[in-house]
Amino acid sequence: MTALYRAIGLMSGTSMDGIDLALIKTDGEQVVERIVAGSQNYSDAFRARLKQGLVDARGMVQRDERVGVLGQLEHDLTLLHAIAVQDFLFANGLSADDVDVIGFHGQTVLHRPDDALTVQIGDGALLAQETGIDVVYDMRAEDMRHSGQGAPLIPAYHAALAHNLEQQPDMPVVFVNIGGISNLTYVDDAGGLAAFDSGPGNMLIDQWMELHGQGSFDAGGALALRGTLNSELAAHYLSNAFFTGNQRRSLDRGDFAVPSIGVVSLEDGARTLAYVAAASILQSASHLPQKPRSYVVSGGGRKNAAIMAELTALAQAEGAVVIDADTAGLDGDSMEAEAWGYLAVRSLKGLPLTYPSTTGCDGPVSGGVLVKA
Ligand SMILES: Nc1ncnc2c1ncn2[C@@H]1O[C@H](COP(=O)(O)OP(=O)(O)OP(=O)(O)O)[C@@H](O)[C@H]1O
Ligand SMILES: CC(=O)N[C@H]1[C@@H]2OC[C@@H](O2)[C@@H](O)[C@@H]1O[C@H](C)C(=O)O
């Protein structure tokens, strides 16, 4: 029997709403036992600092330079992750000795695949020192050194999950993660794997709400459900070169801009952006090797009823069903965190994190930097 590792994955995603944590037990291959998960929200003040970090990062040319607020931000972000791990261990009656490795994503502050530049702030050495647990971090860079997009990385985990589901979905299955940005992974019966970012997820909706002083997201999609689709605005987004081009590329938060205030009403904007989130998934799925029969949806966007209604209708028209990840026996909130734990173990074992079919890299690529505690 191959060795099983206990791994904590830590994800701070493009929505910048907080840190997701998950503890799994895995061999980094087919065996995945999901143990417990949690999350820690950022304060509004810290979220504002992260947003300033994105602004300052725009001037970066080298991935290790830390201009403007970025140096202090990286330090403080890492300490917040360390506290989150300590709280998580305490809440679950665990200690550092119960964990073999942490997979630390950090916060993406810049992602420019065309310039082979992707920057995740997060100090792996400081996290290892603070937690007393070995840390694997910086898992995107090696892929880019091998001509990959540096994202998405979760497909290797989706592939392992596809064969571990309590309720087997009709194949081919597509795992969709609707976070700030959405991405999808296609798995078929023959072991085929394909993946790419599929478009804006919640990030435009979140920005639209913030622009109107309506909080940071459309809870339940309630506002969107009161609005109507503005076809012209939807067409503006869906005619973006990202969708019309033949080559799949990964996305940065800055690749799509929120509509200006007044272009449409608050409700119609929320509805239209929810439609765009759903339609972009189907539009991107048209580049897959075969038509999917089922979509398994994770990420915060699955809690927006307008996105889910649009996605269900669009998928149905293509002969596919949409299943919430939780219904499939998974945890739709913590899948990315689980993936980062899984990828950390693959990194320890020198196994590939990415493939030509997932990021466009020039061959299977491992990656990540290990810091021993
Ligand atoms: N109850 C809810 N109703 C509607 N939308 C929600 C709800 N809860 C979360 N969301 C949306 O989900 C987002 C967070 O999703 P998630 O945590 O999956 O994103 P992320 O991991 O930060 O992003 P990414 O996957 O792009 O890295 C929030 O910003 C919000 O837009
Ligand atoms: C550069 C970066 O952080 N990309 C994220 C982002 O958020 C969603 C999408 O864009 C995806 O490509 C990726 O995260 C997921 C977890 C991934 O790498 O699989």
# chains A, B, ... in the order shown; residues from 1 in each chain; ligands from 1
call {"tool": "residues_around", "arguments": {"residues": "Tyr137 (chain A)", "least_positions_apart": "5", "cutoff": "6 Å", "atoms": "only C-alpha atoms", "output": "list of chain:residue names"}}
result
A:Phe104, A:Gly124, A:Gly368, A:Val369
call {"tool": "write_last_selection", "arguments": {"atoms": "N, CA and C atoms", "output": "JSON list (two decimals), in the first residue's frame"}}
result
[["chain", "number", "residue", "atom", "x", "y", "z"],
["A", 104, "PHE", "N", 0.14, 25.71, -0.05],
["A", 104, "PHE", "CA", -0.15, 27.14, 0.18],
["A", 104, "PHE", "C", -0.26, 27.84, -1.18],
["A", 124, "GLY", "N", 6.26, 31.23, 1.92],
["A", 124, "GLY", "CA", 6.23, 29.82, 2.34],
["A", 124, "GLY", "C", 7.10, 29.56, 3.56],
["A", 368, "GLY", "N", 6.16, 23.57, -7.57],
["A", 368, "GLY", "CA", 6.04, 23.88, -6.15],
["A", 368, "GLY", "C", 7.41, 23.95, -5.50],
["A", 369, "VAL", "N", 7.49, 24.74, -4.44],
["A", 369, "VAL", "CA", 8.73, 24.91, -3.69],
["A", 369, "VAL", "C", 8.47, 24.38, -2.28]]
call {"tool": "residues_near_ligand", "arguments": {"ligand": "ligand 1", "cutoff": "8 Å", "atoms": "only C-alpha atoms and all ligand atoms", "output": "ChimeraX atom specification"}}
result
/A:11-18,20,177-183,201-203,205-206,216-221,298-305,333,336
call {"tool": "residues_around", "arguments": {"residues": "region 248-264 of chain A", "least_positions_apart": "6", "cutoff": "9 Å", "atoms": "only C-alpha atoms", "output": "ChimeraX atom specification"}}
result
/A:14-15,108-114,149-152,180-181,183,196-200,203-205,207-208,211-212,230,233,237,240,242,284,287,359-360
call {"tool": "residues_around", "arguments": {"residues": "region 59-72 of chain A", "least_positions_apart": "5", "cutoff": "8 Å", "atoms": "only C-alpha atoms", "output": "number ranges by chain"}}
result
A: 52-53, 117-119, 121
call {"tool": "write_last_selection", "arguments": {"atoms": "N, CA, C and O atoms", "output": "compact mmCIF listing (two decimals), in the first residue's frame"}}
result
# COMPACT_ATOMS: atom_id res chain seq x y z
N GLN A 52 -5.59 47.10 -3.11
CA GLN A 52 -4.48 48.01 -3.38
C GLN A 52 -3.28 47.21 -3.89
O GLN A 52 -2.54 47.67 -4.78
N GLY A 53 -3.12 46.01 -3.35
CA GLY A 53 -2.03 45.13 -3.81
C GLY A 53 -2.15 44.83 -5.30
O GLY A 53 -1.16 44.83 -6.03
N LEU A 117 4.20 35.53 -16.89
CA LEU A 117 4.35 36.12 -15.56
C LEU A 117 3.11 35.85 -14.73
O LEU A 117 1.99 36.24 -15.09
N THR A 118 3.30 35.14 -13.61
CA THR A 118 2.18 34.93 -12.67
C THR A 118 2.73 35.14 -11.28
O THR A 118 3.80 34.62 -10.94
N VAL A 119 2.05 35.92 -10.47
CA VAL A 119 2.58 36.27 -9.15
C VAL A 119 1.56 35.96 -8.07
O VAL A 119 0.47 36.54 -8.05
N ILE A 121 1.43 36.19 -4.04
CA ILE A 121 2.16 36.58 -2.84
C ILE A 121 1.84 35.59 -1.74
O ILE A 121 0.72 35.06 -1.65
call {"tool": "residues_around", "arguments": {"residues": "Glu318 (chain A)", "least_positions_apart": "6", "cutoff": "12 Å", "atoms": "only C-alpha atoms", "output": "number ranges by chain"}}
result
A: 282-283, 285-286, 290-295, 311-312
call {"tool": "closest_residue", "arguments": {"among": "A:Thr272, A:Asn92, A:Gln86, A:Gln120", "to": "ligand 2", "atoms": "only C-alpha atoms and all ligand atoms"}}
result
A:Gln120
call {"tool": "select_by_dssp", "arguments": {"residues": "region 150-360 of chain A", "states": "helix (DSSP H, G or I)", "output": "short mmCIF file (atom, residue, chain, number, x, y, z; two decimals) with N, CA, C and O atoms, in the first residue's frame"}}
result
data_model
loop_
_atom_site.label_atom_id
_atom_site.label_comp_id
_atom_site.auth_asym_id
_atom_site.auth_seq_id
_atom_site.Cartn_x
_atom_site.Cartn_y
_atom_site.Cartn_z
N PRO A 155 -7.36 20.80 -12.24
CA PRO A 155 -7.79 19.62 -13.01
C PRO A 155 -7.20 18.29 -12.56
O PRO A 155 -7.90 17.27 -12.61
N ALA A 156 -5.96 18.26 -12.11
CA ALA A 156 -5.40 16.97 -11.66
C ALA A 156 -6.23 16.43 -10.51
O ALA A 156 -6.44 15.21 -10.40
N TYR A 157 -6.72 17.32 -9.66
CA TYR A 157 -7.56 16.89 -8.52
C TYR A 157 -8.94 16.47 -9.02
O TYR A 157 -9.47 15.45 -8.58
N HIS A 158 -9.51 17.23 -9.93
CA HIS A 158 -10.81 16.85 -10.50
C HIS A 158 -10.74 15.45 -11.11
O HIS A 158 -11.66 14.65 -10.98
N ALA A 159 -9.63 15.17 -11.78
CA ALA A 159 -9.48 13.86 -12.43
C ALA A 159 -9.51 12.76 -11.38
O ALA A 159 -10.13 11.71 -11.59
N ALA A 160 -8.87 12.99 -10.23
CA ALA A 160 -8.89 11.98 -9.16
C ALA A 160 -10.31 11.85 -8.60
O ALA A 160 -10.78 10.74 -8.35
N LEU A 161 -11.00 12.98 -8.44
CA LEU A 161 -12.36 12.94 -7.89
C LEU A 161 -13.34 12.23 -8.80
O LEU A 161 -14.26 11.55 -8.34
N ALA A 162 -13.15 12.41 -10.11
CA ALA A 162 -14.10 11.86 -11.08
C ALA A 162 -14.30 10.36 -10.87
O ALA A 162 -15.36 9.83 -11.16
N MET A 203 -16.79 37.65 -10.32
CA MET A 203 -16.06 38.89 -10.05
C MET A 203 -16.78 40.14 -10.58
O MET A 203 -16.79 41.18 -9.92
N LEU A 204 -17.43 40.04 -11.74
CA LEU A 204 -18.13 41.22 -12.27
C LEU A 204 -19.37 41.52 -11.44
O LEU A 204 -19.69 42.69 -11.19
N ILE A 205 -20.04 40.47 -10.99
CA ILE A 205 -21.23 40.66 -10.14
C ILE A 205 -20.81 41.34 -8.82
O ILE A 205 -21.44 42.31 -8.38
N ASP A 206 -19.72 40.83 -8.24
CA ASP A 206 -19.24 41.41 -6.97
C ASP A 206 -18.89 42.89 -7.17
O ASP A 206 -19.25 43.74 -6.34
N GLN A 207 -18.20 43.20 -8.26
CA GLN A 207 -17.79 44.60 -8.49
C GLN A 207 -19.01 45.48 -8.75
O GLN A 207 -19.05 46.64 -8.35
N TRP A 208 -19.99 44.91 -9.45
CA TRP A 208 -21.23 45.65 -9.75
C TRP A 208 -21.96 46.00 -8.45
O TRP A 208 -22.46 47.11 -8.27
N MET A 209 -22.00 45.06 -7.52
CA MET A 209 -22.66 45.30 -6.23
C MET A 209 -21.89 46.37 -5.44
O MET A 209 -22.49 47.29 -4.88
N GLU A 210 -20.57 46.24 -5.44
CA GLU A 210 -19.74 47.20 -4.70
C GLU A 210 -19.88 48.61 -5.27
O GLU A 210 -19.98 49.59 -4.53
N LEU A 211 -19.94 48.68 -6.59
CA LEU A 211 -20.08 49.97 -7.27
C LEU A 211 -21.35 50.69 -6.82
O LEU A 211 -21.41 51.91 -6.77
N ALA A 219 -26.24 38.14 -2.68
CA ALA A 219 -26.57 36.95 -1.88
C ALA A 219 -27.72 36.16 -2.50
O ALA A 219 -28.81 36.70 -2.72
N GLY A 220 -27.45 34.90 -2.78
CA GLY A 220 -28.46 34.02 -3.35
C GLY A 220 -28.84 34.37 -4.79
O GLY A 220 -29.66 33.70 -5.40
N GLY A 221 -28.27 35.45 -5.30
CA GLY A 221 -28.67 35.94 -6.63
C GLY A 221 -30.01 36.64 -6.58
O GLY A 221 -30.69 36.82 -7.61
N ALA A 222 -30.40 37.08 -5.35
CA ALA A 222 -31.75 37.65 -5.14
C ALA A 222 -32.00 38.87 -6.03
O ALA A 222 -33.08 39.01 -6.61
N LEU A 223 -30.99 39.71 -6.13
CA LEU A 223 -31.17 40.92 -6.93
C LEU A 223 -31.30 40.56 -8.42
O LEU A 223 -32.17 41.08 -9.13
N ALA A 224 -30.44 39.65 -8.86
CA ALA A 224 -30.46 39.24 -10.26
C ALA A 224 -31.82 38.65 -10.63
O ALA A 224 -32.35 38.88 -11.73
N LEU A 225 -32.42 37.91 -9.71
CA LEU A 225 -33.70 37.27 -10.00
C LEU A 225 -34.82 38.29 -10.20
O LEU A 225 -35.84 37.99 -10.80
N SER A 231 -29.62 42.05 -23.46
CA SER A 231 -28.90 41.25 -24.47
C SER A 231 -27.70 41.99 -25.03
O SER A 231 -26.67 41.37 -25.34
N GLU A 232 -27.83 43.30 -25.15
CA GLU A 232 -26.72 44.07 -25.73
C GLU A 232 -25.49 44.01 -24.82
O GLU A 232 -24.36 43.80 -25.28
N LEU A 233 -25.74 44.18 -23.52
CA LEU A 233 -24.62 44.13 -22.57
C LEU A 233 -24.02 42.72 -22.53
O LEU A 233 -22.80 42.55 -22.50
N ALA A 234 -24.89 41.70 -22.55
CA ALA A 234 -24.38 40.32 -22.54
C ALA A 234 -23.53 40.07 -23.78
O ALA A 234 -22.44 39.49 -23.69
N ALA A 235 -24.01 40.53 -24.93
CA ALA A 235 -23.28 40.31 -26.19
C ALA A 235 -21.92 41.01 -26.14
O ALA A 235 -20.93 40.50 -26.67
N HIS A 236 -21.89 42.16 -25.50
CA HIS A 236 -20.61 42.88 -25.38
C HIS A 236 -19.57 41.99 -24.70
O HIS A 236 -18.43 41.86 -25.15
N TYR A 237 -19.97 41.33 -23.61
CA TYR A 237 -19.02 40.46 -22.89
C TYR A 237 -18.70 39.20 -23.69
O TYR A 237 -17.56 38.78 -23.79
N LEU A 238 -19.74 38.60 -24.26
CA LEU A 238 -19.54 37.29 -24.89
C LEU A 238 -18.86 37.39 -26.26
O LEU A 238 -18.46 36.37 -26.83
N ALA A 241 -12.60 38.73 -27.19
CA ALA A 241 -11.67 37.86 -27.93
C ALA A 241 -11.37 36.57 -27.16
O ALA A 241 -11.03 35.55 -27.77
N PHE A 242 -11.52 36.59 -25.86
CA PHE A 242 -11.29 35.38 -25.06
C PHE A 242 -12.19 34.25 -25.55
O PHE A 242 -11.78 33.09 -25.59
N PHE A 243 -13.43 34.60 -25.91
CA PHE A 243 -14.39 33.56 -26.32
C PHE A 243 -14.28 33.24 -27.82
O PHE A 243 -14.51 32.11 -28.22
N THR A 244 -13.96 34.25 -28.60
CA THR A 244 -13.98 34.03 -30.05
C THR A 244 -12.68 33.41 -30.55
O THR A 244 -12.67 32.72 -31.56
N ARG A 253 -7.94 38.76 -13.18
CA ARG A 253 -9.09 39.55 -12.73
C ARG A 253 -9.31 40.79 -13.60
O ARG A 253 -10.43 41.22 -13.81
N GLY A 254 -8.20 41.36 -14.11
CA GLY A 254 -8.31 42.60 -14.88
C GLY A 254 -8.76 42.41 -16.32
O GLY A 254 -8.91 43.38 -17.06
N ASP A 255 -9.00 41.16 -16.76
CA ASP A 255 -9.29 40.94 -18.18
C ASP A 255 -10.70 41.36 -18.60
O ASP A 255 -10.97 41.52 -19.79
N LEU A 266 -29.56 48.44 -11.58
CA LEU A 266 -28.83 47.54 -10.68
C LEU A 266 -29.27 46.08 -10.88
O LEU A 266 -28.44 45.18 -11.05
N GLU A 267 -30.60 45.87 -10.91
CA GLU A 267 -31.13 44.50 -11.02
C GLU A 267 -30.81 43.89 -12.39
O GLU A 267 -30.40 42.73 -12.48
N ASP A 268 -31.00 44.69 -13.44
CA ASP A 268 -30.73 44.15 -14.79
C ASP A 268 -29.24 43.85 -14.97
O ASP A 268 -28.86 42.88 -15.64
N GLY A 269 -28.40 44.68 -14.35
CA GLY A 269 -26.95 44.43 -14.42
C GLY A 269 -26.63 43.12 -13.73
O GLY A 269 -25.88 42.28 -14.25
N ALA A 270 -27.20 42.91 -12.54
CA ALA A 270 -26.92 41.67 -11.79
C ALA A 270 -27.39 40.46 -12.59
O ALA A 270 -26.71 39.43 -12.66
N ARG A 271 -28.56 40.58 -13.22
CA ARG A 271 -29.11 39.47 -14.01
C ARG A 271 -28.22 39.18 -15.23
O ARG A 271 -27.89 38.04 -15.55
N THR A 272 -27.85 40.26 -15.90
CA THR A 272 -27.06 40.10 -17.13
C THR A 272 -25.68 39.51 -16.81
O THR A 272 -25.20 38.62 -17.53
N LEU A 273 -25.08 39.96 -15.73
CA LEU A 273 -23.75 39.44 -15.38
C LEU A 273 -23.83 37.98 -14.90
O LEU A 273 -22.91 37.20 -15.12
N ALA A 274 -24.97 37.63 -14.29
CA ALA A 274 -25.18 36.22 -13.91
C ALA A 274 -25.32 35.38 -15.19
O ALA A 274 -24.77 34.28 -15.31
N TYR A 275 -26.04 35.93 -16.18
CA TYR A 275 -26.19 35.22 -17.46
C TYR A 275 -24.82 35.06 -18.14
O TYR A 275 -24.49 33.99 -18.65
N VAL A 276 -24.03 36.12 -18.10
CA VAL A 276 -22.70 36.07 -18.72
C VAL A 276 -21.85 34.99 -18.05
O VAL A 276 -21.14 34.22 -18.72
N ALA A 277 -21.94 34.91 -16.72
CA ALA A 277 -21.18 33.87 -16.00
C ALA A 277 -21.59 32.48 -16.50
O ALA A 277 -20.73 31.62 -16.73
N ALA A 278 -22.89 32.27 -16.68
CA ALA A 278 -23.37 30.96 -17.13
C ALA A 278 -23.06 30.71 -18.60
O ALA A 278 -22.54 29.65 -18.98
N ALA A 279 -23.37 31.70 -19.43
CA ALA A 279 -23.19 31.51 -20.88
C ALA A 279 -21.73 31.33 -21.26
O ALA A 279 -21.39 30.60 -22.20
N SER A 280 -20.83 31.98 -20.51
CA SER A 280 -19.42 31.84 -20.85
C SER A 280 -18.94 30.42 -20.59
O SER A 280 -18.03 29.93 -21.26
N ILE A 281 -19.55 29.75 -19.62
CA ILE A 281 -19.16 28.35 -19.36
C ILE A 281 -19.55 27.48 -20.56
O ILE A 281 -18.75 26.70 -21.07
N LEU A 282 -20.78 27.66 -21.04
CA LEU A 282 -21.24 26.87 -22.20
C LEU A 282 -20.46 27.23 -23.46
O LEU A 282 -20.11 26.36 -24.26
N GLN A 283 -20.20 28.52 -23.62
CA GLN A 283 -19.45 28.96 -24.81
C GLN A 283 -18.05 28.33 -24.81
O GLN A 283 -17.57 27.85 -25.81
N SER A 284 -17.41 28.33 -23.64
CA SER A 284 -16.07 27.75 -23.54
C SER A 284 -16.13 26.23 -23.70
O SER A 284 -15.21 25.63 -24.28
N ALA A 285 -17.21 25.63 -23.22
CA ALA A 285 -17.33 24.16 -23.30
C ALA A 285 -17.42 23.70 -24.75
O ALA A 285 -17.15 22.52 -25.04
N GLY A 300 -18.34 29.53 -5.04
CA GLY A 300 -19.39 30.38 -4.49
C GLY A 300 -20.51 30.70 -5.47
O GLY A 300 -21.64 30.95 -5.05
N GLY A 301 -20.23 30.66 -6.76
CA GLY A 301 -21.23 31.00 -7.77
C GLY A 301 -22.41 30.05 -7.79
O GLY A 301 -23.49 30.39 -8.27
N ARG A 302 -22.23 28.84 -7.26
CA ARG A 302 -23.35 27.89 -7.26
C ARG A 302 -24.42 28.33 -6.27
O ARG A 302 -25.53 27.79 -6.25
N LYS A 303 -24.09 29.31 -5.41
CA LYS A 303 -25.09 29.82 -4.46
C LYS A 303 -25.89 30.98 -5.04
O LYS A 303 -26.77 31.52 -4.38
N ALA A 305 -28.63 31.82 -7.38
CA ALA A 305 -29.70 31.07 -8.05
C ALA A 305 -29.88 31.51 -9.50
O ALA A 305 -30.30 30.71 -10.35
N ALA A 306 -29.54 32.77 -9.80
CA ALA A 306 -29.69 33.23 -11.19
C ALA A 306 -28.64 32.57 -12.09
O ALA A 306 -28.95 32.11 -13.19
N ILE A 307 -27.40 32.48 -11.60
CA ILE A 307 -26.36 31.80 -12.38
C ILE A 307 -26.78 30.34 -12.60
O ILE A 307 -26.71 29.82 -13.73
N MET A 308 -27.23 29.69 -11.55
CA MET A 308 -27.57 28.26 -11.66
C MET A 308 -28.76 28.03 -12.59
O MET A 308 -28.78 27.07 -13.36
N ALA A 309 -29.75 28.93 -12.53
CA ALA A 309 -30.92 28.77 -13.41
C ALA A 309 -30.50 28.93 -14.87
O ALA A 309 -30.90 28.14 -15.74
N GLU A 310 -29.69 29.96 -15.14
CA GLU A 310 -29.23 30.17 -16.53
C GLU A 310 -28.38 29.00 -17.00
O GLU A 310 -28.54 28.51 -18.12
N LEU A 311 -27.49 28.54 -16.13
CA LEU A 311 -26.59 27.44 -16.51
C LEU A 311 -27.39 26.16 -16.78
O LEU A 311 -27.13 25.45 -17.76
N THR A 312 -28.37 25.91 -15.93
CA THR A 312 -29.19 24.70 -16.09
C THR A 312 -29.94 24.74 -17.41
O THR A 312 -29.97 23.74 -18.16
N ALA A 313 -30.51 25.90 -17.74
CA ALA A 313 -31.28 26.02 -18.99
C ALA A 313 -30.36 25.87 -20.20
O ALA A 313 -30.68 25.15 -21.16
N LEU A 314 -29.20 26.52 -20.16
CA LEU A 314 -28.28 26.46 -21.30
C LEU A 314 -27.73 25.05 -21.49
O LEU A 314 -27.60 24.56 -22.62
N ALA A 315 -27.42 24.37 -20.38
CA ALA A 315 -26.87 23.01 -20.47
C ALA A 315 -27.95 22.05 -20.99
O ALA A 315 -27.67 21.18 -21.82
N GLN A 316 -29.18 22.25 -20.49
CA GLN A 316 -30.30 21.38 -20.91
C GLN A 316 -30.49 21.45 -22.42
O GLN A 316 -30.72 20.43 -23.07
N ALA A 317 -30.36 22.66 -22.94
CA ALA A 317 -30.51 22.82 -24.39
C ALA A 317 -29.43 22.04 -25.16
O ALA A 317 -29.59 21.74 -26.34
N MET A 335 -13.40 22.69 -2.40
CA MET A 335 -12.71 21.86 -3.39
C MET A 335 -11.34 22.42 -3.79
O MET A 335 -10.38 21.68 -3.98
N GLU A 336 -11.27 23.75 -3.90
CA GLU A 336 -9.97 24.34 -4.28
C GLU A 336 -8.95 24.13 -3.17
O GLU A 336 -7.78 23.83 -3.43
N ALA A 337 -9.38 24.30 -1.92
CA ALA A 337 -8.45 24.10 -0.79
C ALA A 337 -8.00 22.64 -0.77
O ALA A 337 -6.81 22.35 -0.61
N GLU A 338 -8.95 21.72 -0.97
CA GLU A 338 -8.58 20.29 -1.03
C GLU A 338 -7.55 20.07 -2.13
O GLU A 338 -6.57 19.35 -1.95
N ALA A 339 -7.79 20.71 -3.27
CA ALA A 339 -6.88 20.53 -4.41
C ALA A 339 -5.47 20.99 -4.05
O ALA A 339 -4.49 20.36 -4.45
N TRP A 340 -5.37 22.06 -3.30
CA TRP A 340 -4.02 22.55 -2.98
C TRP A 340 -3.30 21.59 -2.03
O TRP A 340 -2.08 21.44 -2.10
N GLY A 341 -4.04 20.90 -1.16
CA GLY A 341 -3.43 19.87 -0.33
C GLY A 341 -2.97 18.69 -1.20
O GLY A 341 -1.86 18.18 -1.07
N TYR A 342 -3.85 18.31 -2.13
CA TYR A 342 -3.55 17.19 -3.03
C TYR A 342 -2.32 17.49 -3.91
O TYR A 342 -1.42 16.67 -4.06
N LEU A 343 -2.29 18.71 -4.44
CA LEU A 343 -1.17 19.09 -5.31
C LEU A 343 0.14 19.16 -4.53
O LEU A 343 1.21 18.85 -5.07
N ALA A 344 0.05 19.56 -3.25
CA ALA A 344 1.28 19.61 -2.43
C ALA A 344 1.88 18.21 -2.30
O ALA A 344 3.10 18.04 -2.38
N VAL A 345 1.00 17.21 -2.13
CA VAL A 345 1.50 15.84 -2.02
C VAL A 345 2.08 15.37 -3.36
O VAL A 345 3.14 14.75 -3.42
N ARG A 346 1.42 15.73 -4.44
CA ARG A 346 1.98 15.39 -5.76
C ARG A 346 3.36 16.05 -5.94
O ARG A 346 4.28 15.44 -6.48
N SER A 347 3.47 17.28 -5.47
CA SER A 347 4.75 17.98 -5.57
C SER A 347 5.82 17.24 -4.77
O SER A 347 6.94 17.02 -5.27
N LEU A 348 5.49 16.83 -3.54
CA LEU A 348 6.46 16.08 -2.72
C LEU A 348 6.93 14.83 -3.44
O LEU A 348 8.07 14.42 -3.32
N PRO A 356 -0.14 19.02 -20.86
CA PRO A 356 -0.43 19.82 -22.06
C PRO A 356 -1.93 20.08 -22.23
O PRO A 356 -2.34 21.15 -22.69
N SER A 357 -2.77 19.11 -21.82
CA SER A 357 -4.22 19.27 -22.02
C SER A 357 -4.87 20.15 -20.95
O SER A 357 -6.05 20.46 -21.05
N THR A 358 -4.14 20.54 -19.91
CA THR A 358 -4.76 21.39 -18.88
C THR A 358 -4.26 22.82 -18.90
O THR A 358 -5.04 23.74 -18.67
N THR A 359 -2.97 23.01 -19.13
CA THR A 359 -2.45 24.40 -19.15
C THR A 359 -1.73 24.72 -20.46
O THR A 359 -1.27 25.86 -20.63
#
call {"tool": "residues_around", "arguments": {"residues": "region 75-85 of chain A", "least_positions_apart": "4", "cutoff": "8 Å", "atoms": "only C-alpha atoms", "output": "VMD selection string"}}
result
chain A and resid 10 19 21 39 to 40 71 89 106 122 to 124 126 to 127 130 to 131
call {"tool": "write_last_selection", "arguments": {"atoms": "N, CA, C and O atoms", "output": "compact mmCIF listing (two decimals), in the first residue's frame"}}
result
# COMPACT_ATOMS: atom_id res chain seq x y z
N LEU A 10 -4.57 25.39 1.43
CA LEU A 10 -4.99 26.76 1.76
C LEU A 10 -5.20 27.53 0.47
O LEU A 10 -4.28 27.64 -0.35
N ILE A 19 -9.92 32.96 3.37
CA ILE A 19 -9.05 31.80 3.21
C ILE A 19 -9.90 30.53 3.39
O ILE A 19 -10.59 30.38 4.39
N LEU A 21 -9.78 26.45 3.90
CA LEU A 21 -8.84 25.43 4.38
C LEU A 21 -9.49 24.06 4.28
O LEU A 21 -10.70 23.92 4.49
N SER A 39 -13.20 27.81 6.81
CA SER A 39 -12.84 29.05 6.11
C SER A 39 -12.70 30.17 7.13
O SER A 39 -13.21 30.08 8.25
N GLN A 40 -11.99 31.18 6.71
CA GLN A 40 -11.79 32.36 7.56
C GLN A 40 -11.96 33.58 6.66
O GLN A 40 -11.22 33.73 5.68
N GLY A 71 5.15 44.15 -0.22
CA GLY A 71 6.03 43.49 0.75
C GLY A 71 5.32 43.27 2.09
O GLY A 71 5.25 42.14 2.60
N LEU A 89 -6.69 23.88 13.27
CA LEU A 89 -6.19 22.71 14.00
C LEU A 89 -6.87 22.63 15.36
O LEU A 89 -7.37 21.58 15.77
N GLY A 106 -1.45 31.09 -1.64
CA GLY A 106 -1.16 32.53 -1.60
C GLY A 106 -2.24 33.29 -2.36
O GLY A 106 -3.30 32.74 -2.69
N GLY A 122 2.82 35.33 -0.87
CA GLY A 122 2.68 34.32 0.19
C GLY A 122 4.08 33.80 0.48
O GLY A 122 4.74 33.32 -0.43
N ASP A 123 4.50 33.95 1.74
CA ASP A 123 5.87 33.61 2.12
C ASP A 123 5.88 32.20 2.72
O ASP A 123 5.53 32.00 3.89
N GLY A 124 6.26 31.23 1.92
CA GLY A 124 6.23 29.82 2.34
C GLY A 124 7.10 29.56 3.56
O GLY A 124 6.73 28.80 4.46
N LEU A 126 7.98 31.66 5.95
CA LEU A 126 7.37 32.24 7.15
C LEU A 126 6.20 31.36 7.63
O LEU A 126 6.03 31.15 8.84
N LEU A 127 5.44 30.83 6.69
CA LEU A 127 4.29 29.98 7.07
C LEU A 127 4.78 28.69 7.74
O LEU A 127 4.21 28.25 8.75
N GLU A 130 5.95 29.60 11.24
CA GLU A 130 4.85 29.95 12.16
C GLU A 130 4.00 28.74 12.54
O GLU A 130 3.45 28.69 13.63
N THR A 131 3.85 27.79 11.61
CA THR A 131 2.96 26.66 11.88
C THR A 131 3.71 25.41 12.35
O THR A 131 3.10 24.51 12.92
call {"tool": "atom_distance", "arguments": {"atom1": "CA of Asp97 (chain A)", "atom2": "CA of Gly38 (chain A)"}}
result
19.0 Å
call {"tool": "closest_residue", "arguments": {"among": "A:Val297, A:Met139, A:Val187, A:Leu351", "to": "ligand 2", "atoms": "only C-alpha atoms and all ligand atoms"}}
result
A:Met139
call {"tool": "select_by_dssp", "arguments": {"residues": "region 63-237 of chain A", "states": "strand (DSSP E or B)", "output": "VMD selection string"}}
result
chain A and resid 101 to 112 117 to 121 135 to 137 173 to 178 181 to 187 193 to 200
call {"tool": "closest_residue", "arguments": {"among": "A:Asn164, A:Gln129, A:Thr228, A:Thr185", "to": "ligand 2", "atoms": "only C-alpha atoms and all ligand atoms"}}
result
A:Thr185
